[in-house]
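Student: Can you read through this structure? Questions will come right after.
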Amino acid sequence: MQLGIPKPLSVAAQLAMTRESRWDPPTLSPQLGAKHILAKHRGSRRPSSWREENITRSESEAHDIITGYLNDIEQCDNAEDKDKMFGDIAEKFSDCSSAKRGGDLGRFERGAMQKPFEDAVLALKPGEISKPIKTDSGVHIILRTH
């Protein structure tokens, strides 16, 4: 005598009946990775750095500095040379404490960085370098690593 408990259907049988998945895989927040070079200016949210206690340059001057670095990097013949030059410039001239790591910010989740910075990272493919980006911290160029 059966107790009226239906036999469970296989996943294939369930899919055949409904024609849709009943299980959605979890959406993972992919980690991003980037290096950057930052030039702060007197309007930056914290106009000081490891290099300079009181930054007095204008935003326009910061933009010109970053554009000069970008032009130098773009003269390199290949991605490996660009990456090396990017790191060398960041280490010597970036106003961010990440300078000691060649500008490397490591990996980070979405929402961890200022919106204009994150938007610029998301617009790049790994290995690509941004045009100058303005944030509350100053003016950056960004090299996406992940």
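Letters A, B, ... mark the chains of the structure tokens in the order given; residue numbers begin at 1 per chain; ligand numbers begin at 1, in order shown.
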Would you mind listing what lies within 9 Å of Asp88 (chain A) as a list in words, with only C-alpha atoms counted and same-chain residues fewer than 3 positions away left out?
Tutor: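 Returned residues: Asp83, Lys84, Met85, Glu91, Lys92, Phe93, Ala99, Gly102 and Gly103 of chain A.
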Student: Can you list, as a VMD selection string, every residue of chain A that DSSP puts in helix (DSSP H, G or I)?
Tutor: chain A and resid 11 to 18 59 to 74 79 to 93 97 to 101 115 to 123
Student: Can you tell me which residues surround Ser49 (chain A) at a distance of at most 10 Å, considering only C-alpha atoms, apart from same-chain residues fewer than 2 positions away, and format the answer as an NGL selection string?
Tutor: :A and (39-40 or 46-47 or 51-55 or 94-97)
Student: Rounded to one decimal in Å, what is the spacing between CA of Leu143 (chain A) and CA of Arg42 (chain A)?
Tutor: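 Interatomic distance here is 24.5 Å.
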Student: Taking only C-alpha atoms into account, which of A:Thr145, A:Ile73, A:Leu105, A:Asp64 comes nearest Leu122 (chain A)?
Tutor: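 Of A:Thr145, A:Ile73, A:Leu105, A:Asp64, the one nearest Leu122 (chain A), counting only C-alpha atoms, is A:Thr145.
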Student: Quick check, in Å to one decimal: how far apart do CA of Gly43 (chain A) and CA of Phe108 (chain A) lie?
Tutor: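 Taking CA of Gly43 (chain A) and CA of Phe108 (chain A), their separation equals 26.1 Å.
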Student: Let me make sure I understand: among A:Arg57, A:His41, A:His36, A:Lys82, which one has the smallest atom-to-atom distance to Asp136 (chain A) if we use only C-alpha atoms?
Tutor: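 Smallest separation from Asp136 (chain A) among the options: A:His41.
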Student: Compare A:Leu32, A:Met113, A:Ile129, A:Leu38 by their minimum atom-to-atom distance to Ala79 (chain A), counting only C-alpha atoms, and give me the closest one.
Tutor: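 Checking each candidate against Ala79 (chain A), we get A:Ile129 as the closest.
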